[in-house]
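Text of the file start36.cif, holding mmCIF, C-alpha atoms and all ligand atoms:
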```
data_start
#
loop_
_atom_site.label_atom_id
_atom_site.label_comp_id
_atom_site.auth_asym_id
_atom_site.auth_seq_id
_atom_site.Cartn_x
_atom_site.Cartn_y
_atom_site.Cartn_z
CA MET A 287 -130.46 -20.40 -121.33
CA LYS A 288 -131.35 -22.97 -118.68
CA ILE A 289 -132.93 -26.31 -119.48
CA THR A 290 -134.43 -28.63 -116.84
CA MET A 291 -135.19 -32.27 -117.46
CA LEU A 292 -137.90 -33.47 -115.10
CA GLY A 293 -138.07 -37.20 -114.54
CA TYR A 294 -138.35 -39.69 -111.72
CA THR A 295 -135.47 -41.84 -110.52
CA LYS A 296 -134.23 -44.37 -113.11
CA SER A 297 -136.16 -42.63 -115.89
CA GLY A 298 -132.90 -42.20 -117.84
CA LYS A 299 -131.95 -38.53 -117.28
CA THR A 300 -128.24 -39.06 -116.68
CA CYS A 301 -127.95 -41.55 -119.54
CA TYR A 302 -129.77 -39.15 -121.86
CA MET A 303 -127.38 -36.32 -120.98
CA LEU A 304 -124.34 -38.57 -121.52
CA GLY A 305 -125.72 -39.81 -124.84
CA MET A 306 -126.65 -36.35 -126.04
CA TYR A 307 -123.24 -34.96 -125.14
CA SER A 308 -121.18 -37.74 -126.62
CA PHE A 309 -123.22 -37.90 -129.84
CA MET A 310 -123.25 -34.13 -130.24
CA SER A 311 -119.59 -33.63 -129.39
CA VAL A 312 -118.96 -35.39 -132.72
CA GLY A 313 -121.96 -33.57 -134.18
CA LEU A 314 -124.64 -33.88 -136.81
CA HIS A 315 -124.98 -31.85 -140.02
CA GLY A 316 -122.53 -29.26 -138.71
CA PHE A 317 -124.19 -28.90 -135.29
CA THR A 318 -122.13 -29.76 -132.22
CA VAL A 319 -122.40 -29.44 -128.45
CA SER A 320 -119.28 -28.65 -126.43
CA ALA A 321 -118.70 -28.41 -122.69
CA THR A 322 -117.42 -24.99 -121.66
CA ASP A 323 -115.23 -26.61 -118.98
CA LEU A 324 -112.61 -29.16 -120.08
CA ASP A 325 -112.88 -31.10 -116.80
CA VAL A 326 -116.58 -31.57 -117.47
CA ASP A 327 -115.75 -32.91 -120.91
CA LEU A 328 -113.36 -35.45 -119.36
CA ASP A 329 -115.87 -36.50 -116.72
CA LEU A 330 -118.70 -37.01 -119.20
CA THR A 331 -116.45 -38.76 -121.72
CA ASP A 332 -115.22 -41.21 -119.03
CA LYS A 333 -118.78 -42.08 -118.06
CA TRP A 334 -119.75 -42.51 -121.69
CA ASP A 335 -116.73 -44.76 -122.37
CA ALA A 336 -117.77 -46.96 -119.45
CA LEU A 337 -121.21 -47.30 -121.03
CA VAL A 338 -119.93 -48.09 -124.50
CA CYS A 339 -117.07 -50.40 -123.54
CA GLY A 340 -118.35 -51.81 -120.24
CA GLU A 341 -120.19 -55.08 -119.75
CA GLY A 342 -122.77 -56.05 -117.16
CA GLU A 343 -124.68 -53.76 -114.79
CA GLU A 344 -121.54 -51.70 -114.11
CA ARG A 345 -121.67 -50.14 -117.55
CA TRP A 346 -124.57 -47.92 -116.42
CA PRO A 347 -123.99 -44.80 -114.32
CA THR A 348 -124.86 -44.99 -110.62
CA GLY A 349 -128.06 -43.17 -109.62
CA ASN A 350 -127.57 -39.55 -108.58
CA ASP A 351 -126.97 -38.53 -104.95
CA ALA A 352 -128.65 -35.57 -103.26
CA ASN A 353 -126.37 -33.01 -104.92
CA ILE A 354 -127.43 -31.00 -107.94
CA TYR A 355 -124.72 -30.92 -110.59
CA THR A 356 -124.70 -28.12 -113.15
CA TYR A 357 -123.18 -28.52 -116.60
CA SER A 358 -122.58 -25.66 -119.03
CA PHE A 359 -122.62 -26.39 -122.74
CA ASP A 360 -122.46 -24.48 -126.02
CA PHE A 361 -124.64 -25.40 -128.97
CA ASN A 362 -122.63 -24.66 -132.12
CA TYR A 363 -123.01 -24.57 -135.85
CA ALA A 364 -119.86 -24.87 -137.99
CA ALA A 365 -117.87 -24.67 -134.74
CA LYS A 366 -119.40 -21.24 -133.94
CA PRO A 367 -121.55 -21.00 -130.79
CA ILE A 368 -125.24 -20.34 -131.53
CA MET A 369 -126.30 -20.42 -127.91
CA GLY A 370 -125.06 -21.55 -124.51
CA PHE A 371 -127.19 -23.69 -122.23
CA ASP A 372 -126.96 -24.90 -118.63
CA TRP A 373 -128.17 -28.32 -117.64
CA ILE A 374 -128.68 -29.81 -114.18
CA ASP A 375 -128.42 -33.44 -113.22
CA TYR A 376 -130.07 -34.46 -109.94
CA ARG A 377 -131.68 -37.43 -108.24
CA GLY A 378 -135.12 -38.01 -109.73
CA GLY A 379 -136.43 -38.88 -106.28
CA ALA A 380 -136.42 -35.12 -105.59
CA LEU A 381 -139.52 -34.87 -107.77
CA ARG A 382 -141.57 -36.67 -105.14
CA ASP A 383 -139.84 -35.52 -101.96
CA LYS A 384 -140.99 -32.96 -99.42
CA THR A 385 -140.25 -29.39 -100.50
CA SER A 386 -138.33 -28.91 -97.22
CA GLN A 387 -135.41 -30.92 -98.72
CA ALA A 388 -132.66 -28.57 -99.92
CA ASP A 389 -132.27 -30.13 -103.35
CA VAL A 390 -136.04 -30.08 -103.95
CA GLN A 391 -136.10 -26.33 -103.36
CA ASP A 392 -133.10 -25.80 -105.63
CA LEU A 393 -134.73 -27.91 -108.34
CA LEU A 394 -137.97 -25.91 -108.21
CA LYS A 395 -136.03 -22.64 -108.33
CA TYR A 396 -134.10 -23.88 -111.36
CA VAL A 397 -137.31 -24.93 -113.12
CA LYS A 398 -138.72 -21.42 -112.73
CA GLU A 399 -135.63 -19.93 -114.40
CA SER A 400 -135.66 -22.42 -117.28
CA ALA A 401 -136.44 -21.43 -120.86
CA CYS A 402 -137.44 -24.98 -121.78
CA LEU A 403 -138.59 -28.05 -119.86
CA PHE A 404 -137.84 -31.63 -120.82
CA LEU A 405 -140.25 -34.18 -119.38
CA CYS A 406 -138.47 -37.51 -119.21
CA ILE A 407 -140.70 -40.59 -119.40
CA SER A 408 -139.34 -44.06 -119.79
CA GLY A 409 -140.52 -46.21 -122.70
CA GLU A 410 -140.37 -49.27 -120.42
CA PHE A 411 -143.78 -48.17 -119.07
CA LEU A 412 -145.31 -47.49 -122.48
CA THR A 413 -145.54 -51.06 -123.71
CA LYS A 414 -149.32 -51.35 -123.10
CA GLU A 415 -151.82 -49.37 -125.15
CA ILE A 416 -153.76 -46.45 -123.62
CA VAL A 417 -155.54 -45.11 -126.74
CA ASP A 418 -156.42 -47.27 -129.72
CA ALA A 419 -156.24 -46.10 -133.34
CA ALA A 420 -159.94 -45.13 -133.25
CA GLY A 421 -159.31 -42.84 -130.27
CA ASN A 422 -160.91 -45.01 -127.54
CA VAL A 423 -159.18 -44.43 -124.22
CA ASP A 424 -158.55 -47.16 -121.64
CA TYR A 425 -158.68 -44.92 -118.54
CA GLY A 426 -157.65 -47.74 -116.20
CA ALA A 427 -154.46 -48.31 -118.21
CA ARG A 428 -153.85 -44.56 -118.33
CA GLN A 429 -154.11 -44.30 -114.54
CA ARG A 430 -151.72 -47.21 -113.96
CA ILE A 431 -149.14 -45.94 -116.42
CA ALA A 432 -149.39 -42.34 -115.15
CA THR A 433 -148.64 -43.66 -111.65
CA GLN A 434 -145.63 -45.66 -112.86
CA LEU A 435 -144.27 -42.67 -114.78
CA LYS A 436 -144.95 -40.23 -111.90
CA ILE A 437 -146.83 -37.86 -114.19
CA GLN A 438 -148.51 -36.00 -111.32
CA PRO A 439 -145.45 -34.16 -109.92
CA MET A 440 -144.58 -33.07 -113.45
CA THR A 441 -148.11 -31.80 -114.09
CA ASN A 442 -147.95 -29.86 -110.80
CA ILE A 443 -144.79 -28.11 -111.96
CA ILE A 444 -146.36 -27.33 -115.34
CA THR A 445 -149.35 -25.78 -113.53
CA ASP A 446 -146.94 -23.59 -111.55
CA ILE A 447 -145.26 -22.39 -114.74
CA GLN A 448 -148.65 -21.66 -116.27
CA LYS A 449 -149.51 -19.47 -113.25
CA GLN A 450 -146.17 -17.69 -113.32
CA LEU A 451 -145.73 -17.10 -117.05
CA ASN A 452 -149.20 -17.45 -118.49
CA PRO A 453 -147.97 -18.62 -121.92
CA THR A 454 -150.16 -18.01 -124.99
CA ASN A 455 -150.09 -19.48 -128.48
CA ALA A 456 -148.59 -16.18 -129.65
CA LYS A 457 -145.85 -16.46 -126.98
CA PRO A 458 -145.75 -20.17 -126.14
CA PHE A 459 -143.61 -22.01 -123.58
CA PRO A 460 -141.59 -24.91 -125.07
CA ILE A 461 -141.77 -28.40 -123.58
CA ALA A 462 -140.06 -31.49 -124.97
CA ILE A 463 -141.57 -34.78 -123.84
CA VAL A 464 -138.60 -37.09 -124.14
CA VAL A 465 -139.54 -40.77 -124.30
CA THR A 466 -136.29 -42.35 -123.07
CA LYS A 467 -135.49 -46.07 -123.53
CA TYR A 468 -137.71 -45.99 -126.61
CA ASP A 469 -136.11 -49.30 -127.62
CA GLN A 470 -138.39 -50.90 -125.02
CA CYS A 471 -141.63 -49.81 -126.70
CA MET A 472 -140.57 -49.19 -130.29
CA LYS A 473 -142.35 -52.36 -131.51
CA ARG A 474 -145.64 -50.51 -131.03
CA GLY A 475 -144.67 -47.87 -133.60
CA LYS A 476 -144.27 -44.12 -133.18
CA ASP A 477 -147.90 -43.14 -133.84
CA ALA A 478 -149.26 -45.40 -131.10
CA VAL A 479 -146.72 -44.12 -128.56
CA VAL A 480 -147.41 -40.48 -129.50
CA ARG A 481 -151.17 -41.03 -129.03
CA ASP A 482 -150.56 -42.40 -125.54
CA VAL A 483 -148.16 -39.64 -124.55
CA LYS A 484 -150.75 -37.02 -125.57
CA GLN A 485 -153.28 -38.74 -123.36
CA LEU A 486 -150.87 -38.76 -120.38
CA PHE A 487 -150.20 -35.03 -120.68
CA GLU A 488 -153.66 -33.95 -121.85
CA PRO A 489 -153.53 -30.34 -120.49
CA LEU A 490 -150.64 -29.52 -122.85
CA PHE A 491 -152.68 -30.46 -125.92
CA GLN A 492 -155.76 -28.28 -125.42
CA PRO A 493 -156.76 -25.47 -127.83
CA ASN A 494 -154.89 -22.23 -127.07
CA SER A 495 -153.02 -23.87 -124.21
CA GLY A 496 -149.89 -21.80 -124.89
CA TRP A 497 -147.57 -24.85 -124.81
CA LEU A 498 -145.31 -25.67 -127.74
CA THR A 499 -144.80 -29.39 -127.21
CA MET A 500 -142.46 -31.75 -128.97
CA ILE A 501 -142.77 -35.50 -128.47
CA CYS A 502 -139.40 -37.11 -129.03
CA PRO A 503 -138.55 -40.81 -128.70
CA VAL A 504 -134.88 -41.36 -127.80
CA SER A 505 -132.77 -44.41 -127.06
CA LEU A 506 -129.14 -45.23 -126.46
CA GLY A 507 -129.44 -48.24 -128.76
CA LYS A 508 -132.18 -50.43 -130.17
CA ASP A 509 -130.53 -53.66 -128.95
CA LEU A 510 -130.65 -52.56 -125.31
CA ALA A 511 -134.27 -53.65 -124.84
CA ASP A 512 -133.29 -57.30 -125.20
CA ASN A 513 -129.77 -56.97 -123.96
CA PRO A 514 -129.18 -54.11 -121.47
CA THR A 515 -125.88 -55.45 -120.13
CA SER A 516 -124.00 -55.85 -123.41
CA GLY A 517 -126.25 -54.56 -126.24
CA GLU A 518 -124.56 -52.16 -128.64
CA ILE A 519 -124.72 -48.45 -127.84
CA ASN A 520 -125.96 -46.56 -130.87
CA PRO A 521 -127.93 -43.44 -129.86
CA ILE A 522 -131.16 -42.49 -131.64
CA ASN A 523 -132.61 -38.93 -131.78
CA VAL A 524 -130.62 -37.71 -128.75
CA HIS A 525 -129.81 -34.40 -130.47
CA LEU A 526 -133.41 -33.44 -131.21
CA PRO A 527 -134.66 -32.23 -127.79
CA VAL A 528 -131.70 -29.85 -127.44
CA ALA A 529 -132.11 -28.67 -131.04
CA PHE A 530 -135.76 -27.97 -130.19
CA ALA A 531 -134.86 -25.96 -127.06
CA VAL A 532 -132.42 -23.83 -129.06
CA TYR A 533 -134.96 -23.41 -131.87
CA ALA A 534 -137.64 -22.27 -129.40
CA LYS A 535 -135.29 -19.76 -127.79
CA LEU A 536 -134.30 -18.38 -131.21
CA ARG A 537 -137.98 -18.11 -132.08
CA GLU A 538 -138.58 -16.09 -128.92
CA ASN A 539 -135.62 -13.83 -129.79
CA ALA A 540 -137.02 -13.43 -133.32
CA LEU A 541 -140.44 -12.46 -131.92
CA ASN A 542 -138.90 -9.84 -129.62
CA THR A 543 -136.73 -8.49 -132.43
CA LYS A 544 -139.75 -8.24 -134.73
CA ALA A 545 -141.78 -6.41 -132.08
CA TYR A 546 -138.91 -3.94 -131.62
CA TYR A 547 -138.63 -3.46 -135.40
CA ASN A 548 -142.36 -2.72 -135.64
CA GLN A 549 -142.13 -0.21 -132.81
CA VAL A 550 -139.23 1.73 -134.38
CA SER A 551 -140.96 1.56 -137.75
CA ARG A 552 -144.18 3.07 -136.31
CA GLU A 553 -142.22 5.86 -134.63
CA LEU A 554 -140.48 6.59 -137.92
CA ASP A 555 -143.81 6.75 -139.77
CA THR A 556 -145.07 9.27 -137.21
CA ASP A 557 -141.91 11.38 -137.55
CA LYS A 558 -142.19 11.34 -141.32
CA ALA A 559 -145.85 12.38 -141.27
CA ARG A 560 -144.99 15.73 -139.63
CA ASN A 561 -144.80 18.97 -141.70
CA TRP A 562 -141.60 19.79 -143.60
CA PHE A 563 -140.27 22.15 -140.93
CA VAL A 564 -140.56 19.70 -138.04
CA LYS A 565 -139.10 17.03 -140.28
CA LEU A 566 -136.12 19.26 -141.00
CA LEU A 567 -135.59 19.81 -137.28
CA ASN A 568 -135.84 16.06 -136.69
CA SER A 569 -133.73 15.03 -139.66
CA GLU A 570 -130.92 13.57 -137.54
CA LYS A 571 -133.37 11.64 -135.37
CA ILE A 572 -135.06 10.27 -138.51
CA ALA A 573 -131.73 9.20 -140.02
CA ASN A 574 -130.80 7.45 -136.75
CA LYS A 575 -134.08 5.56 -136.72
CA GLU A 576 -133.63 4.52 -140.35
CA ALA A 577 -130.16 3.19 -139.52
CA LYS A 578 -131.59 1.40 -136.46
CA LEU A 579 -134.25 -0.26 -138.61
CA LYS A 580 -131.58 -1.58 -140.99
CA GLU A 581 -129.54 -2.88 -138.07
CA VAL A 582 -132.52 -4.64 -136.45
CA GLU A 583 -133.54 -6.11 -139.80
CA GLY A 584 -130.02 -7.56 -140.12
CA GLN A 585 -130.26 -9.06 -136.63
CA PHE A 586 -133.62 -10.59 -137.49
CA GLN A 587 -132.19 -12.23 -140.61
CA VAL A 588 -129.27 -13.69 -138.66
CA ILE A 589 -131.69 -15.25 -136.15
CA GLN A 590 -133.87 -16.60 -138.96
CA SER A 591 -130.94 -18.21 -140.76
CA LYS A 592 -129.93 -19.98 -137.52
CA MET A 593 -133.53 -21.18 -137.10
CA GLU A 594 -133.64 -22.39 -140.69
CA ARG A 595 -130.75 -24.78 -140.14
CA LEU A 596 -132.57 -26.37 -137.21
CA THR A 597 -136.01 -26.68 -138.77
CA GLU A 598 -135.01 -29.45 -141.16
CA GLU A 599 -133.95 -31.74 -138.29
CA LEU A 600 -137.07 -30.91 -136.32
CA GLN A 601 -139.39 -32.24 -139.06
CA LYS A 602 -138.55 -35.76 -137.85
CA VAL A 603 -140.69 -35.61 -134.71
CA PRO A 604 -144.20 -34.32 -134.00
CA LEU A 605 -144.60 -30.79 -132.69
CA PHE A 606 -147.84 -29.31 -131.33
CA LEU A 607 -148.96 -25.79 -130.55
CA GLY A 608 -151.85 -26.42 -128.18
CA ASN A 609 -153.94 -29.11 -129.86
CA THR A 610 -152.70 -28.40 -133.39
CA GLU A 611 -149.83 -30.25 -135.00
CA VAL A 612 -147.42 -27.68 -136.48
CA LYS A 613 -144.18 -27.73 -138.48
CA ALA A 614 -141.09 -26.01 -137.20
CA ASP A 615 -140.38 -23.12 -139.57
CA VAL A 616 -138.75 -19.71 -139.54
CA SER A 617 -141.94 -17.63 -139.54
CA VAL A 618 -142.83 -15.80 -136.33
N1 LIG A 701 -133.13 -50.16 -122.61
C1 LIG A 701 -132.58 -48.98 -122.25
N2 LIG A 701 -132.26 -48.77 -120.97
C2 LIG A 701 -131.74 -47.59 -120.61
C3 LIG A 701 -131.51 -46.54 -121.57
N3 LIG A 701 -131.02 -45.46 -120.91
C4 LIG A 701 -130.95 -45.81 -119.61
N4 LIG A 701 -131.37 -47.08 -119.41
C5 LIG A 701 -131.50 -47.81 -118.12
O1 LIG A 701 -132.10 -46.96 -117.17
C6 LIG A 701 -131.32 -46.90 -115.98
C7 LIG A 701 -131.47 -45.58 -115.28
O2 LIG A 701 -130.89 -44.54 -116.06
P1 LIG A 701 -130.30 -43.19 -115.39
O3 LIG A 701 -129.91 -42.32 -116.51
O4 LIG A 701 -129.28 -43.51 -114.37
O5 LIG A 701 -131.62 -42.64 -114.67
P2 LIG A 701 -131.78 -41.25 -113.88
O6 LIG A 701 -133.09 -40.67 -114.31
O7 LIG A 701 -130.58 -40.41 -114.03
O8 LIG A 701 -131.92 -41.77 -112.37
P3 LIG A 701 -131.62 -40.93 -111.01
O9 LIG A 701 -130.21 -40.44 -111.07
O10 LIG A 701 -131.85 -41.93 -109.91
O11 LIG A 701 -132.64 -39.84 -110.94
C8 LIG A 701 -129.90 -47.23 -116.46
O12 LIG A 701 -129.11 -47.74 -115.41
C9 LIG A 701 -130.15 -48.26 -117.54
O13 LIG A 701 -130.32 -49.54 -116.97
C10 LIG A 701 -131.86 -46.81 -122.96
O14 LIG A 701 -131.73 -45.97 -123.87
N5 LIG A 701 -132.40 -48.04 -123.22
MG MG A 702 -129.17 -39.75 -112.70
#
```
Output the file's structure as structure tokens, nothing else.
Amino acid sequence: MKITMLGYTKSGKTCYMLGMYSFMSVGLHGFTVSATDLDVDLDLTDKWDALVCGEGEERWPTGNDANIYTYSFDFNYAAKPIMGFDWIDYRGGALRDKTSQADVQDLLKYVKESACLFLCISGEFLTKEIVDAAGNVDYGARQRIATQLKIQPMTNIITDIQKQLNPTNAKPFPIAIVVTKYDQCMKRGKDAVVRDVKQLFEPLFQPNSGWLTMICPVSLGKDLADNPTSGEINPINVHLPVAFAVYAKLRENALNTKAYYNQVSRELDTDKARNWFVKLLNSEKIANKEAKLKEVEGQFQVIQSKMERLTEELQKVPLFLGNTEVKADVSV
């Protein structure tokens, strides 16, 4: 599975990936993330060590150059891989550059192959209110903040995906809106930030939009807002967007498995409704289909049990199907 994180330069993409990897290489509740290449593990661990132990501006990674770097990871439970995922790290400036640039084209191609999109928006621009508790919108503030966060190029890409895949609420496309540097706006409280984020990405939250959207605040440490050069690194929520992407992919697999089960089951019903002589002739075919049904049912249960382990974690952050807030569960 491919995941793309869209976000402008300095929005915190590289730091998020480093934080997610280092936190999840130790793991949470039995879930871990591992790099499939040991050199990648070394590279990411070195960068993370610099962040944790370093002081001053140098602790932070340098902004990306015009190359696209691909990282391959496994998402595991009890040290057994549940699913592999590929991640790209690129310069956020590519989001606003001309499509004739090589890396811009590669980025757009990668987006189209991705099973889940992460939209990276920095909490440093979410300190002023857009929507109040009564639902009144300050459109001027919304416009200013949308410009700072470069929402438009992200919305354009979402529109492209809509055209290409035409997601529906029955078969939705998963998007995680990752509010990075949440330490910088956390004083406002989660509800206020979630209200504003919904206003910034309004098309995702319309009835029957076909988008399954998670809004997830993340931070590398709550002290960083006041003290970016030496504040303690202590990541918050960095595992949740990846857990969501894996959950959504499992859900899609479960849906496909269920559809296949129903199809075989219908065929079997038809076979069994024939007269005794035809049934006798088809007895081997019927037995095969019965065995197939059992096998598919087993596969379905395995997928559901993997989903079940993830759902508990996912209750911590809001999830929407179109305009409706939903709970992650194992039903499909
Ligand atoms: N307060 C705070 N600052 C952060 C956090 N994460 C990143 N930053 C700051 O944001 C800067 C940019 O982060 P990067 O991860 O390099 O941003 P990027 O999106 O990869 O940028 P490009 O590579 O240019 O596209 C860092 O140098 C830090 O100063 C965080 O959790 N909290
Ligand atoms: Mg970067």
Have a look at A:Leu607, A:Val319, A:Val616, A:Ala534 and name the one nearest to A:Lys366; count all atoms listed in the file.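 Counting all atoms listed in the file, the residue closest to A:Lys366 is A:Val319.
Distances from A:His525, A:Arg382, A:Lys288, A:Lys578 to A:Glu599 were compared using only C-alpha atoms, and the smallest one belongs to A:His525.
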Set the cut-off to 8 Å, count all atoms listed in the file, and list whatever residues fall near ligand MG 702 (chain A) as a list in words.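 Using all atoms listed in the file, I find these residues within 8 Å of ligand MG 702 (chain A): Thr295, Lys296, Gly298, Lys299, Thr300, Cys301, Pro347, Thr348, Gly349, Asn350, Asp375, Tyr376, Arg377 and Gly378 of chain A.
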So which residues are near ligand LIG 701 (chain A), meaning at most 9 Å away with all atoms listed in the file counted, given back as an mmCIF file with C-alpha atoms, keeping the file's coordinate frame?
```cif
data_model
loop_
_atom_site.group_PDB
_atom_site.id
_atom_site.type_symbol
_atom_site.label_atom_id
_atom_site.label_comp_id
_atom_site.auth_asym_id
_atom_site.auth_seq_id
_atom_site.Cartn_x
_atom_site.Cartn_y
_atom_site.Cartn_z
ATOM 1 C CA LEU A 292 -137.900 -33.470 -115.100
ATOM 2 C CA GLY A 293 -138.070 -37.200 -114.540
ATOM 3 C CA TYR A 294 -138.350 -39.690 -111.720
ATOM 4 C CA THR A 295 -135.470 -41.840 -110.520
ATOM 5 C CA LYS A 296 -134.230 -44.370 -113.110
ATOM 6 C CA SER A 297 -136.160 -42.630 -115.890
ATOM 7 C CA GLY A 298 -132.900 -42.200 -117.840
ATOM 8 C CA LYS A 299 -131.950 -38.530 -117.280
ATOM 9 C CA THR A 300 -128.240 -39.060 -116.680
ATOM 10 C CA CYS A 301 -127.950 -41.550 -119.540
ATOM 11 C CA TYR A 302 -129.770 -39.150 -121.860
ATOM 12 C CA MET A 303 -127.380 -36.320 -120.980
ATOM 13 C CA LEU A 304 -124.340 -38.570 -121.520
ATOM 14 C CA GLY A 305 -125.720 -39.810 -124.840
ATOM 15 C CA GLU A 343 -124.680 -53.760 -114.790
ATOM 16 C CA GLU A 344 -121.540 -51.700 -114.110
ATOM 17 C CA ARG A 345 -121.670 -50.140 -117.550
ATOM 18 C CA TRP A 346 -124.570 -47.920 -116.420
ATOM 19 C CA PRO A 347 -123.990 -44.800 -114.320
ATOM 20 C CA THR A 348 -124.860 -44.990 -110.620
ATOM 21 C CA GLY A 349 -128.060 -43.170 -109.620
ATOM 22 C CA ASN A 350 -127.570 -39.550 -108.580
ATOM 23 C CA ASP A 351 -126.970 -38.530 -104.950
ATOM 24 C CA ASP A 375 -128.420 -33.440 -113.220
ATOM 25 C CA TYR A 376 -130.070 -34.460 -109.940
ATOM 26 C CA ARG A 377 -131.680 -37.430 -108.240
ATOM 27 C CA GLY A 378 -135.120 -38.010 -109.730
ATOM 28 C CA GLY A 379 -136.430 -38.880 -106.280
ATOM 29 C CA ALA A 380 -136.420 -35.120 -105.590
ATOM 30 C CA CYS A 406 -138.470 -37.510 -119.210
ATOM 31 C CA SER A 408 -139.340 -44.060 -119.790
ATOM 32 C CA GLY A 409 -140.520 -46.210 -122.700
ATOM 33 C CA GLU A 410 -140.370 -49.270 -120.420
ATOM 34 C CA THR A 466 -136.290 -42.350 -123.070
ATOM 35 C CA LYS A 467 -135.490 -46.070 -123.530
ATOM 36 C CA TYR A 468 -137.710 -45.990 -126.610
ATOM 37 C CA ASP A 469 -136.110 -49.300 -127.620
ATOM 38 C CA GLN A 470 -138.390 -50.900 -125.020
ATOM 39 C CA VAL A 504 -134.880 -41.360 -127.800
ATOM 40 C CA SER A 505 -132.770 -44.410 -127.060
ATOM 41 C CA LEU A 506 -129.140 -45.230 -126.460
ATOM 42 C CA GLY A 507 -129.440 -48.240 -128.760
ATOM 43 C CA LYS A 508 -132.180 -50.430 -130.170
ATOM 44 C CA ASP A 509 -130.530 -53.660 -128.950
ATOM 45 C CA LEU A 510 -130.650 -52.560 -125.310
ATOM 46 C CA ALA A 511 -134.270 -53.650 -124.840
ATOM 47 C CA ASP A 512 -133.290 -57.300 -125.200
ATOM 48 C CA ASN A 513 -129.770 -56.970 -123.960
ATOM 49 C CA PRO A 514 -129.180 -54.110 -121.470
ATOM 50 C CA THR A 515 -125.880 -55.450 -120.130
ATOM 51 C CA GLY A 517 -126.250 -54.560 -126.240
ATOM 52 C CA ILE A 519 -124.720 -48.450 -127.840
ATOM 53 C CA PRO A 521 -127.930 -43.440 -129.860
ATOM 54 C CA ILE A 522 -131.160 -42.490 -131.640
#
```
Taking into account only C-alpha atoms, which residue in the set A:Lys571, A:Ile368, A:Thr454, A:Trp334 is nearest to A:Val550?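 Closest to A:Val550 of all the choices is A:Lys571.
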Just checking: using all atoms listed in the file, which residue out of A:Ala352, A:Cys502, A:Leu579, A:Val390 ends up closest to A:Phe606?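 Answer, going by the shortest atom-to-atom distance: A:Cys502.
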Write out as a list of chain:residue names each polymer residue whose atoms come within 10 Å of A:Phe586, counting all atoms listed in the file; drop sequence neighbours fewer than 6 positions from it.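 Final neighbour list, sorted by chain and number: A:Asn539, A:Ala540, A:Leu541, A:Asn542, A:Thr543, A:Lys544, A:Tyr547, A:Lys580.
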Which of these residues is nearest to A:Val338, using all atoms listed in the file: A:Asn520, A:Thr433, A:Gln587, A:Thr597? A:Asn520
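Using all atoms listed in the file, the shortest contact distance between A:Val528 and any of A:Ala419, A:Pro460, A:Leu337, A:Asp329 is found at A:Pro460.
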At what distance in Å, to one decimal, does atom CA of A:Phe404 lie from atom CA of A:Ser358?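 Computing the Euclidean distance for atom CA of A:Ser358 and atom CA of A:Phe404 yields 16.5 Å.
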